[in-house]
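To start, the structure under review is shown below, and the notes come after it.
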Amino acid sequence: WFILQYMSGFGNEHVSEDPRCPGALPEGQNNPQVCPYGLYAEQLSGSAFTCPRPTNKRSWLYRILPSVCHKPFKPLEEGHLTHDWDEIEPDPNQLRWKPFEIPKASQNKMDFVSGLHTLCGAGEPRGRNGIAVHIFVCNTSMVDRCLYNSDGDFLIVPQQGKLLITTEFGKMLVEPNEICVIQQGMRFSVEVFGETRGYILEVYGAHFELPDLGPIGANGLANPRDFLVPVAWYEDRQVPGGYTVISKYQGKLFAAQQDYSPFNVVAWHGNYTPYKYHLEKFMVINAVAFDHADPSIFTVLTAKTTRAGVALADFVIFPPRWGVANNTFRPPYYHRNCMSEFMGLIKGHYEAKEEGFQPGGGSLHSMMTPHGPDADCFEKASKAKLEPERVADGTMAFMFESSLSLAVTKWGLQTSNRLDKNYYKCWEPLKSHFNPKCK
């Protein structure tokens with residue numbers, strides 16, 4: 001009977017109840033002595049109670065059984081998930097990875113949780129300040145098990161294969177060229193439909209928000225109305241064999257058993273929810289006279305620090321657009337940055353790296369490590385006739401940018417066996433064009 005439906009709006013106060021139980025939301029109060037239909041009231045807080053109203057995040061869930069009904073948590077093997085940033089020596093080089101390999105289901109069944117691989121990161125979940133970049137590769141759905149992240153928020157970027165994500169708030173279908181955010185503490189389970197791969201940006205200590213627009217005005221970039229929130233859906237399902245609830249806590253995994261589905265929320269209201277967004281909805285801002293604008297104009301979501309204008313993490317995309325600037329080297333400029341830049345590719349070819357940077361792979365340009373267009377791109381763009389042209393048609397590259405200095409894991413540098421040892425060679429053909437007699 002269930003058809004995927006959504007409510008729109010970023011950070012809105014939403015109200016939703018499963019149509020099978022009309023009137024499940026208490027009227028006029030959050031916590032009545034007896035809830036409609038004999039439900040339990042449970043608050044999920046995403047911020048301190050005393051946060052200012054604009055940053056206060058919480059939702060009230062009305063559920064068949066409260067989350068507290070489970071056996072004790074026990075350690076679970078976390079595989080390649082880690083926040084040990086000292087397991088291998090730092091590497092300041094430009095790094096690029098070939099597409100990460102997805103195991104065949106016939107050889108190794110792997111669901112979303114067992115397919116999590118930490119690539120790089122910084123900071124510490126106990127101190128509530130840091131980020132991690134994970135790659136997920138999986139070939140089978142999560143069955144009678146769910147995950148919640150006690151450490152922070154997951155921004156999930158599917159690259160191959162769609163994800164049907166069941167959450168306590170309802171269901172979301174997230175396909176390549178869409179993203180979703182599962183915020184701290186929200187339980188979710190991922191169903192896949194074949195070989196599936198993608199990227200995750202995890203932040204601890206902040207939530208994602210829309211960037212300020214300043215002189216751009218009231219509209220532009222990612223507009224709030226285009227963010228979608230699931231509607232309430234519940235299952236009253238007993239699992240006598242045991243349902244496994246997995247907690248990512250202080251960087252490690254723990255599992256607890258319970259005998260019922262956790263997706264038993266009949267109704268909810270609040271502003272602390274999972275959400276999804278289609279990247280094609282992004283309204284691109286660009287230079288229309290001369291010079292190349294900084295990539296911050298492509299920011300979809302940001303997780304702020306206490307320092308004004310300095311992000312713990314930004315999610316930035318490079319969508320199809322028009323290039324029209326006159327007397328300008330149009331591709332990305334050569335750059336050394338006080339931020340760390342991880343790039344991934346959902347589809348197509350990135351304009352500054354036509355070869356080598358492939359969908360399902362990635363690159364990391366660490367703090368103050370120089371980077372920029374390869375030699376072919378430089379020569380072509382330096383001689384191109386500057387007419388209006390479509391840029392990045394049929395492609396979608398993205399960047400996770402952070403003010404933290406990211407350490408790469410042993411899996412990223414060695415175990416994955418996907419590091420491109422020849423990446424540096426793409427700049428070797430660059431030659432001097434200097435001529436002191438020619439201005």
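We label chains A, B, ... in the order they appear in the structure tokens, count residues from 1 in each chain, and number ligands from 1 in the order shown.
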Give me, as a ChimeraX atom specification, all polymer residues having an atom no more than 9 Å from Tyr424 of chain A, counting only C-alpha atoms and skipping those fewer than 5 positions away in the same chain.
/A:93-95
Residues near Val288 of chain A, anyone? I mean within 12 Å using only C-alpha atoms, not counting same-chain ones fewer than 3 positions away, as a short mmCIF file (atom, residue, chain, number, x, y, z; two decimals) with all heavy atoms, in the first residue's frame.
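File written: part.cif
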data_model
loop_
_atom_site.label_atom_id
_atom_site.label_comp_id
_atom_site.auth_asym_id
_atom_site.auth_seq_id
_atom_site.Cartn_x
_atom_site.Cartn_y
_atom_site.Cartn_z
N VAL A 284 22.87 27.34 -10.05
CA VAL A 284 24.30 27.66 -10.14
C VAL A 284 24.51 29.17 -10.28
O VAL A 284 23.83 29.83 -11.06
CB VAL A 284 24.93 26.94 -11.35
CG1 VAL A 284 26.42 27.22 -11.41
CG2 VAL A 284 24.68 25.44 -11.26
N ILE A 285 25.45 29.70 -9.51
CA ILE A 285 25.90 31.09 -9.64
C ILE A 285 27.29 31.03 -10.30
O ILE A 285 28.10 30.16 -9.97
CB ILE A 285 26.02 31.75 -8.25
CG1 ILE A 285 24.68 31.69 -7.50
CG2 ILE A 285 26.54 33.16 -8.35
CD1 ILE A 285 23.60 32.53 -8.11
N ASP A 291 37.36 36.39 -15.14
CA ASP A 291 37.95 35.66 -14.02
C ASP A 291 37.09 34.47 -13.57
O ASP A 291 35.96 34.28 -14.01
CB ASP A 291 38.27 36.58 -12.83
CG ASP A 291 39.59 37.31 -13.04
OD1 ASP A 291 40.28 37.00 -14.03
OD2 ASP A 291 39.92 38.19 -12.22
N HIS A 292 37.69 33.69 -12.69
CA HIS A 292 37.13 32.40 -12.27
C HIS A 292 36.76 32.53 -10.80
O HIS A 292 37.62 32.77 -9.96
CB HIS A 292 38.19 31.30 -12.47
CG HIS A 292 37.71 29.92 -12.18
ND1 HIS A 292 37.46 29.01 -13.17
CD2 HIS A 292 37.43 29.30 -11.02
CE1 HIS A 292 37.06 27.87 -12.63
NE2 HIS A 292 37.03 28.02 -11.33
N ALA A 293 35.48 32.43 -10.48
CA ALA A 293 35.04 32.59 -9.09
C ALA A 293 35.51 31.42 -8.23
O ALA A 293 35.76 30.32 -8.72
CB ALA A 293 33.52 32.69 -9.05
N ARG A 321 26.73 23.73 -16.38
CA ARG A 321 26.50 25.18 -16.35
C ARG A 321 27.07 25.80 -17.62
O ARG A 321 27.75 25.13 -18.40
CB ARG A 321 27.16 25.80 -15.11
CG ARG A 321 28.67 25.56 -15.04
CD ARG A 321 29.21 25.76 -13.63
NE ARG A 321 30.67 25.59 -13.56
CZ ARG A 321 31.27 24.41 -13.45
NH1 ARG A 321 30.56 23.28 -13.39
NH2 ARG A 321 32.58 24.34 -13.38
N TRP A 322 26.87 27.08 -17.79
CA TRP A 322 27.46 27.82 -18.90
C TRP A 322 28.75 28.50 -18.43
O TRP A 322 28.81 29.06 -17.34
CB TRP A 322 26.50 28.88 -19.42
CG TRP A 322 25.43 28.32 -20.30
CD1 TRP A 322 24.16 27.98 -19.94
CD2 TRP A 322 25.54 28.01 -21.69
NE1 TRP A 322 23.47 27.47 -21.01
CE2 TRP A 322 24.30 27.48 -22.11
CE3 TRP A 322 26.57 28.12 -22.63
CZ2 TRP A 322 24.06 27.07 -23.40
CZ3 TRP A 322 26.34 27.71 -23.93
CH2 TRP A 322 25.10 27.19 -24.31
N GLY A 323 29.78 28.44 -19.29
CA GLY A 323 31.00 29.22 -19.10
C GLY A 323 31.02 30.35 -20.12
O GLY A 323 30.95 30.08 -21.32
N VAL A 324 31.08 31.61 -19.65
CA VAL A 324 31.00 32.75 -20.58
C VAL A 324 32.06 33.81 -20.31
O VAL A 324 32.09 34.83 -20.98
CB VAL A 324 29.59 33.40 -20.50
CG1 VAL A 324 28.52 32.43 -20.94
CG2 VAL A 324 29.30 33.93 -19.10
N ALA A 325 32.93 33.60 -19.33
CA ALA A 325 33.86 34.66 -18.93
C ALA A 325 34.83 34.99 -20.06
O ALA A 325 35.37 34.11 -20.73
CB ALA A 325 34.63 34.22 -17.69
N ASN A 326 35.07 36.29 -20.26
CA ASN A 326 36.03 36.77 -21.27
C ASN A 326 37.43 36.85 -20.68
O ASN A 326 37.61 37.05 -19.47
CB ASN A 326 35.61 38.16 -21.77
CG ASN A 326 34.35 38.09 -22.60
OD1 ASN A 326 34.18 37.20 -23.42
ND2 ASN A 326 33.45 39.05 -22.39
N ASN A 327 38.43 36.73 -21.54
CA ASN A 327 39.84 36.92 -21.17
C ASN A 327 40.18 36.19 -19.87
O ASN A 327 40.81 36.73 -18.97
CB ASN A 327 40.14 38.42 -21.01
CG ASN A 327 41.64 38.68 -20.90
OD1 ASN A 327 42.45 37.90 -21.42
ND2 ASN A 327 42.01 39.74 -20.21
N THR A 328 39.75 34.93 -19.79
CA THR A 328 39.83 34.18 -18.54
C THR A 328 40.27 32.75 -18.81
O THR A 328 39.80 32.11 -19.76
CB THR A 328 38.46 34.17 -17.84
OG1 THR A 328 38.13 35.51 -17.45
CG2 THR A 328 38.44 33.28 -16.62
N ARG A 330 39.44 29.47 -17.94
CA ARG A 330 38.15 29.08 -17.37
C ARG A 330 38.17 27.87 -16.44
O ARG A 330 37.36 27.81 -15.50
CB ARG A 330 37.14 28.84 -18.51
CG ARG A 330 36.72 30.14 -19.19
CD ARG A 330 35.71 29.87 -20.28
NE ARG A 330 35.25 31.09 -20.93
CZ ARG A 330 34.44 31.10 -21.98
NH1 ARG A 330 33.99 29.96 -22.48
NH2 ARG A 330 34.06 32.24 -22.51
N GLU A 387 34.21 31.41 -26.43
CA GLU A 387 32.80 31.56 -26.74
C GLU A 387 31.99 31.00 -25.58
O GLU A 387 32.49 30.22 -24.78
CB GLU A 387 32.46 30.78 -28.02
CG GLU A 387 33.21 31.25 -29.24
CD GLU A 387 32.94 30.36 -30.45
OE1 GLU A 387 32.86 29.13 -30.27
OE2 GLU A 387 32.82 30.92 -31.55
N PRO A 388 30.72 31.39 -25.49
CA PRO A 388 29.87 30.73 -24.49
C PRO A 388 29.86 29.22 -24.72
O PRO A 388 29.71 28.76 -25.86
CB PRO A 388 28.49 31.33 -24.74
CG PRO A 388 28.78 32.67 -25.35
CD PRO A 388 30.00 32.46 -26.19
N GLU A 389 30.07 28.46 -23.66
CA GLU A 389 30.13 27.01 -23.83
C GLU A 389 29.50 26.33 -22.62
O GLU A 389 29.52 26.85 -21.51
CB GLU A 389 31.58 26.54 -23.99
CG GLU A 389 32.46 26.85 -22.78
CD GLU A 389 33.87 26.30 -22.90
OE1 GLU A 389 34.07 25.34 -23.67
OE2 GLU A 389 34.76 26.83 -22.21
#
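Residues in contact range of segment 306-316 of chain A, defined as at most 9 Å between only C-alpha atoms, with sequence neighbours fewer than 4 positions away removed, read Asn129, Gly130, Ile131, Leu155, Leu201, Glu202, Val203, Gly205, Ala206, Phe208, Pro295, Ser296, Ile297, Phe298, Thr299, Val300, Leu301, Thr302, Ala397, Phe398, Met399, Phe400, Glu401, Ser402, Ser403 and Leu404 of chain A.
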Any chance you could export the current selection's N, CA and C atoms as an mmCIF file, in the first residue's frame?
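Just written: part.cif:
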data_model
loop_
_atom_site.group_PDB
_atom_site.id
_atom_site.type_symbol
_atom_site.label_atom_id
_atom_site.label_comp_id
_atom_site.auth_asym_id
_atom_site.auth_seq_id
_atom_site.Cartn_x
_atom_site.Cartn_y
_atom_site.Cartn_z
ATOM 1 N N ASN A 129 34.378 17.156 17.774
ATOM 2 C CA ASN A 129 34.916 18.048 16.751
ATOM 3 C C ASN A 129 35.720 17.223 15.766
ATOM 4 N N GLY A 130 35.211 17.068 14.550
ATOM 5 C CA GLY A 130 35.971 16.320 13.567
ATOM 6 C C GLY A 130 35.101 15.886 12.410
ATOM 7 N N ILE A 131 35.762 15.262 11.433
ATOM 8 C CA ILE A 131 35.055 14.716 10.276
ATOM 9 C C ILE A 131 35.720 13.409 9.864
ATOM 10 N N LEU A 155 26.340 12.428 5.745
ATOM 11 C CA LEU A 155 25.878 12.928 4.447
ATOM 12 C C LEU A 155 26.254 11.866 3.422
ATOM 13 N N LEU A 201 30.252 11.703 3.945
ATOM 14 C CA LEU A 201 30.928 12.711 4.755
ATOM 15 C C LEU A 201 30.287 12.675 6.135
ATOM 16 N N GLU A 202 31.074 12.349 7.136
ATOM 17 C CA GLU A 202 30.593 12.310 8.516
ATOM 18 C C GLU A 202 31.145 13.517 9.262
ATOM 19 N N VAL A 203 30.278 14.221 9.967
ATOM 20 C CA VAL A 203 30.742 15.336 10.805
ATOM 21 C C VAL A 203 30.336 15.070 12.243
ATOM 22 N N GLY A 205 30.026 17.069 15.862
ATOM 23 C CA GLY A 205 30.096 18.341 16.564
ATOM 24 C C GLY A 205 29.308 19.460 15.923
ATOM 25 N N ALA A 206 28.760 19.233 14.741
ATOM 26 C CA ALA A 206 27.949 20.259 14.082
ATOM 27 C C ALA A 206 26.931 19.565 13.187
ATOM 28 N N PHE A 208 24.630 19.964 9.476
ATOM 29 C CA PHE A 208 24.665 20.662 8.200
ATOM 30 C C PHE A 208 23.566 21.717 8.144
ATOM 31 N N PRO A 295 35.403 28.296 -5.641
ATOM 32 C CA PRO A 295 34.425 27.197 -5.632
ATOM 33 C C PRO A 295 33.399 27.280 -4.515
ATOM 34 N N SER A 296 33.569 28.201 -3.584
ATOM 35 C CA SER A 296 32.576 28.360 -2.515
ATOM 36 C C SER A 296 31.199 28.731 -3.064
ATOM 37 N N ILE A 297 31.131 29.251 -4.307
ATOM 38 C CA ILE A 297 29.826 29.568 -4.890
ATOM 39 C C ILE A 297 29.024 28.314 -5.209
ATOM 40 N N PHE A 298 29.656 27.144 -5.105
ATOM 41 C CA PHE A 298 28.972 25.884 -5.405
ATOM 42 C C PHE A 298 28.607 25.107 -4.136
ATOM 43 N N THR A 299 28.613 25.765 -2.975
ATOM 44 C CA THR A 299 28.338 25.085 -1.708
ATOM 45 C C THR A 299 26.856 24.744 -1.575
ATOM 46 N N VAL A 300 26.581 23.465 -1.354
ATOM 47 C CA VAL A 300 25.208 23.006 -1.137
ATOM 48 C C VAL A 300 24.862 23.069 0.343
ATOM 49 N N LEU A 301 25.715 22.464 1.180
ATOM 50 C CA LEU A 301 25.496 22.426 2.623
ATOM 51 C C LEU A 301 26.814 22.710 3.337
ATOM 52 N N THR A 302 26.720 23.278 4.521
ATOM 53 C CA THR A 302 27.917 23.563 5.302
ATOM 54 C C THR A 302 27.687 23.170 6.756
ATOM 55 N N ALA A 397 30.696 16.194 -10.435
ATOM 56 C CA ALA A 397 31.783 16.035 -9.467
ATOM 57 C C ALA A 397 31.393 16.780 -8.194
ATOM 58 N N PHE A 398 31.977 16.385 -7.073
ATOM 59 C CA PHE A 398 31.682 17.062 -5.812
ATOM 60 C C PHE A 398 32.945 17.142 -4.981
ATOM 61 N N MET A 399 32.885 17.964 -3.939
ATOM 62 C CA MET A 399 34.028 18.126 -3.042
ATOM 63 C C MET A 399 33.544 18.157 -1.597
ATOM 64 N N PHE A 400 34.246 17.423 -0.735
ATOM 65 C CA PHE A 400 34.126 17.586 0.705
ATOM 66 C C PHE A 400 35.316 18.454 1.114
ATOM 67 N N GLU A 401 35.067 19.661 1.582
ATOM 68 C CA GLU A 401 36.157 20.559 1.974
ATOM 69 C C GLU A 401 36.098 20.790 3.471
ATOM 70 N N SER A 402 37.262 20.797 4.107
ATOM 71 C CA SER A 402 37.298 20.925 5.563
ATOM 72 C C SER A 402 38.457 21.805 6.007
ATOM 73 N N SER A 403 38.248 22.512 7.119
ATOM 74 C CA SER A 403 39.322 23.308 7.718
ATOM 75 C C SER A 403 40.282 22.431 8.514
ATOM 76 N N LEU A 404 39.967 21.132 8.658
ATOM 77 C CA LEU A 404 40.847 20.217 9.390
ATOM 78 C C LEU A 404 41.868 19.595 8.442
#
Quick one: pick out all helix (DSSP H, G or I) residues within segment 227-421 of chain A from a backbone DSSP run and write them as an MDAnalysis selection string.
chainID A and resid 279:281 295:298 375:383 410:415
Would you export the selected residues with N, CA, C and O atoms as a PDB file, in the first residue's frame, please?
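result_37.pdb, written as the output of this step:
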ATOM      1  N   LEU A 279      20.579  16.912  -6.720  1.00  0.00           N
ATOM      2  CA  LEU A 279      21.602  17.887  -7.086  1.00  0.00           C
ATOM      3  C   LEU A 279      21.234  18.683  -8.336  1.00  0.00           C
ATOM      4  O   LEU A 279      21.766  19.779  -8.550  1.00  0.00           O
ATOM      5  N   GLU A 280      20.327  18.169  -9.161  1.00  0.00           N
ATOM      6  CA  GLU A 280      19.903  18.927 -10.339  1.00  0.00           C
ATOM      7  C   GLU A 280      19.091  20.166  -9.961  1.00  0.00           C
ATOM      8  O   GLU A 280      18.883  21.055 -10.794  1.00  0.00           O
ATOM      9  N   LYS A 281      18.626  20.234  -8.738  1.00  0.00           N
ATOM     10  CA  LYS A 281      17.832  21.389  -8.294  1.00  0.00           C
ATOM     11  C   LYS A 281      18.711  22.591  -7.942  1.00  0.00           C
ATOM     12  O   LYS A 281      18.196  23.683  -7.679  1.00  0.00           O
ATOM     13  N   PRO A 295      35.403  28.296  -5.641  1.00  0.00           N
ATOM     14  CA  PRO A 295      34.425  27.197  -5.632  1.00  0.00           C
ATOM     15  C   PRO A 295      33.399  27.280  -4.515  1.00  0.00           C
ATOM     16  O   PRO A 295      32.429  26.523  -4.520  1.00  0.00           O
ATOM     17  N   SER A 296      33.569  28.201  -3.584  1.00  0.00           N
ATOM     18  CA  SER A 296      32.576  28.360  -2.515  1.00  0.00           C
ATOM     19  C   SER A 296      31.199  28.731  -3.064  1.00  0.00           C
ATOM     20  O   SER A 296      30.185  28.523  -2.381  1.00  0.00           O
ATOM     21  N   ILE A 297      31.131  29.251  -4.307  1.00  0.00           N
ATOM     22  CA  ILE A 297      29.826  29.568  -4.890  1.00  0.00           C
ATOM     23  C   ILE A 297      29.024  28.314  -5.209  1.00  0.00           C
ATOM     24  O   ILE A 297      27.844  28.404  -5.535  1.00  0.00           O
ATOM     25  N   PHE A 298      29.656  27.144  -5.105  1.00  0.00           N
ATOM     26  CA  PHE A 298      28.972  25.884  -5.405  1.00  0.00           C
ATOM     27  C   PHE A 298      28.607  25.107  -4.136  1.00  0.00           C
ATOM     28  O   PHE A 298      28.341  23.914  -4.186  1.00  0.00           O
ATOM     29  N   ALA A 375      48.228  18.929 -17.461  1.00  0.00           N
ATOM     30  CA  ALA A 375      48.898  19.615 -18.568  1.00  0.00           C
ATOM     31  C   ALA A 375      47.998  19.735 -19.793  1.00  0.00           C
ATOM     32  O   ALA A 375      47.942  20.795 -20.435  1.00  0.00           O
ATOM     33  N   ASP A 376      47.282  18.672 -20.131  1.00  0.00           N
ATOM     34  CA  ASP A 376      46.400  18.715 -21.299  1.00  0.00           C
ATOM     35  C   ASP A 376      45.331  19.788 -21.141  1.00  0.00           C
ATOM     36  O   ASP A 376      45.031  20.536 -22.069  1.00  0.00           O
ATOM     37  N   CYS A 377      44.730  19.832 -19.958  1.00  0.00           N
ATOM     38  CA  CYS A 377      43.681  20.809 -19.698  1.00  0.00           C
ATOM     39  C   CYS A 377      44.230  22.226 -19.808  1.00  0.00           C
ATOM     40  O   CYS A 377      43.593  23.114 -20.395  1.00  0.00           O
ATOM     41  N   PHE A 378      45.433  22.460 -19.264  1.00  0.00           N
ATOM     42  CA  PHE A 378      46.016  23.801 -19.314  1.00  0.00           C
ATOM     43  C   PHE A 378      46.253  24.250 -20.747  1.00  0.00           C
ATOM     44  O   PHE A 378      45.904  25.371 -21.135  1.00  0.00           O
ATOM     45  N   GLU A 379      46.858  23.383 -21.546  1.00  0.00           N
ATOM     46  CA  GLU A 379      47.167  23.755 -22.926  1.00  0.00           C
ATOM     47  C   GLU A 379      45.892  24.023 -23.721  1.00  0.00           C
ATOM     48  O   GLU A 379      45.798  24.989 -24.486  1.00  0.00           O
ATOM     49  N   LYS A 380      44.907  23.155 -23.539  1.00  0.00           N
ATOM     50  CA  LYS A 380      43.659  23.295 -24.293  1.00  0.00           C
ATOM     51  C   LYS A 380      42.939  24.589 -23.902  1.00  0.00           C
ATOM     52  O   LYS A 380      42.479  25.351 -24.761  1.00  0.00           O
ATOM     53  N   ALA A 381      42.835  24.858 -22.589  1.00  0.00           N
ATOM     54  CA  ALA A 381      42.097  26.025 -22.130  1.00  0.00           C
ATOM     55  C   ALA A 381      42.829  27.326 -22.445  1.00  0.00           C
ATOM     56  O   ALA A 381      42.196  28.369 -22.628  1.00  0.00           O
ATOM     57  N   SER A 382      44.157  27.285 -22.510  1.00  0.00           N
ATOM     58  CA  SER A 382      44.931  28.492 -22.796  1.00  0.00           C
ATOM     59  C   SER A 382      44.762  28.934 -24.244  1.00  0.00           C
ATOM     60  O   SER A 382      44.963  30.109 -24.573  1.00  0.00           O
ATOM     61  N   LYS A 383      44.417  27.995 -25.125  1.00  0.00           N
ATOM     62  CA  LYS A 383      44.308  28.303 -26.554  1.00  0.00           C
ATOM     63  C   LYS A 383      42.871  28.320 -27.046  1.00  0.00           C
ATOM     64  O   LYS A 383      42.611  28.601 -28.215  1.00  0.00           O
ATOM     65  N   LYS A 410      45.196   3.522   6.756  1.00  0.00           N
ATOM     66  CA  LYS A 410      45.977   2.449   6.145  1.00  0.00           C
ATOM     67  C   LYS A 410      45.193   1.784   5.025  1.00  0.00           C
ATOM     68  O   LYS A 410      45.744   1.412   3.991  1.00  0.00           O
ATOM     69  N   TRP A 411      43.857   1.662   5.209  1.00  0.00           N
ATOM     70  CA  TRP A 411      43.036   1.091   4.142  1.00  0.00           C
ATOM     71  C   TRP A 411      43.131   1.954   2.887  1.00  0.00           C
ATOM     72  O   TRP A 411      43.254   1.450   1.775  1.00  0.00           O
ATOM     73  N   GLY A 412      43.085   3.279   3.068  1.00  0.00           N
ATOM     74  CA  GLY A 412      43.140   4.176   1.925  1.00  0.00           C
ATOM     75  C   GLY A 412      44.463   4.133   1.194  1.00  0.00           C
ATOM     76  O   GLY A 412      44.503   4.140  -0.045  1.00  0.00           O
ATOM     77  N   LEU A 413      45.560   4.074   1.948  1.00  0.00           N
ATOM     78  CA  LEU A 413      46.883   4.135   1.327  1.00  0.00           C
ATOM     79  C   LEU A 413      47.387   2.775   0.858  1.00  0.00           C
ATOM     80  O   LEU A 413      48.169   2.705  -0.094  1.00  0.00           O
ATOM     81  N   GLN A 414      46.951   1.703   1.521  1.00  0.00           N
ATOM     82  CA  GLN A 414      47.544   0.395   1.219  1.00  0.00           C
ATOM     83  C   GLN A 414      46.495  -0.679   0.940  1.00  0.00           C
ATOM     84  O   GLN A 414      46.421  -1.223  -0.160  1.00  0.00           O
ATOM     85  N   THR A 415      45.661  -0.980   1.933  1.00  0.00           N
ATOM     86  CA  THR A 415      44.808  -2.171   1.868  1.00  0.00           C
ATOM     87  C   THR A 415      43.856  -2.167   0.691  1.00  0.00           C
ATOM     88  O   THR A 415      43.617  -3.207   0.066  1.00  0.00           O
TER      89      THR A 415
END
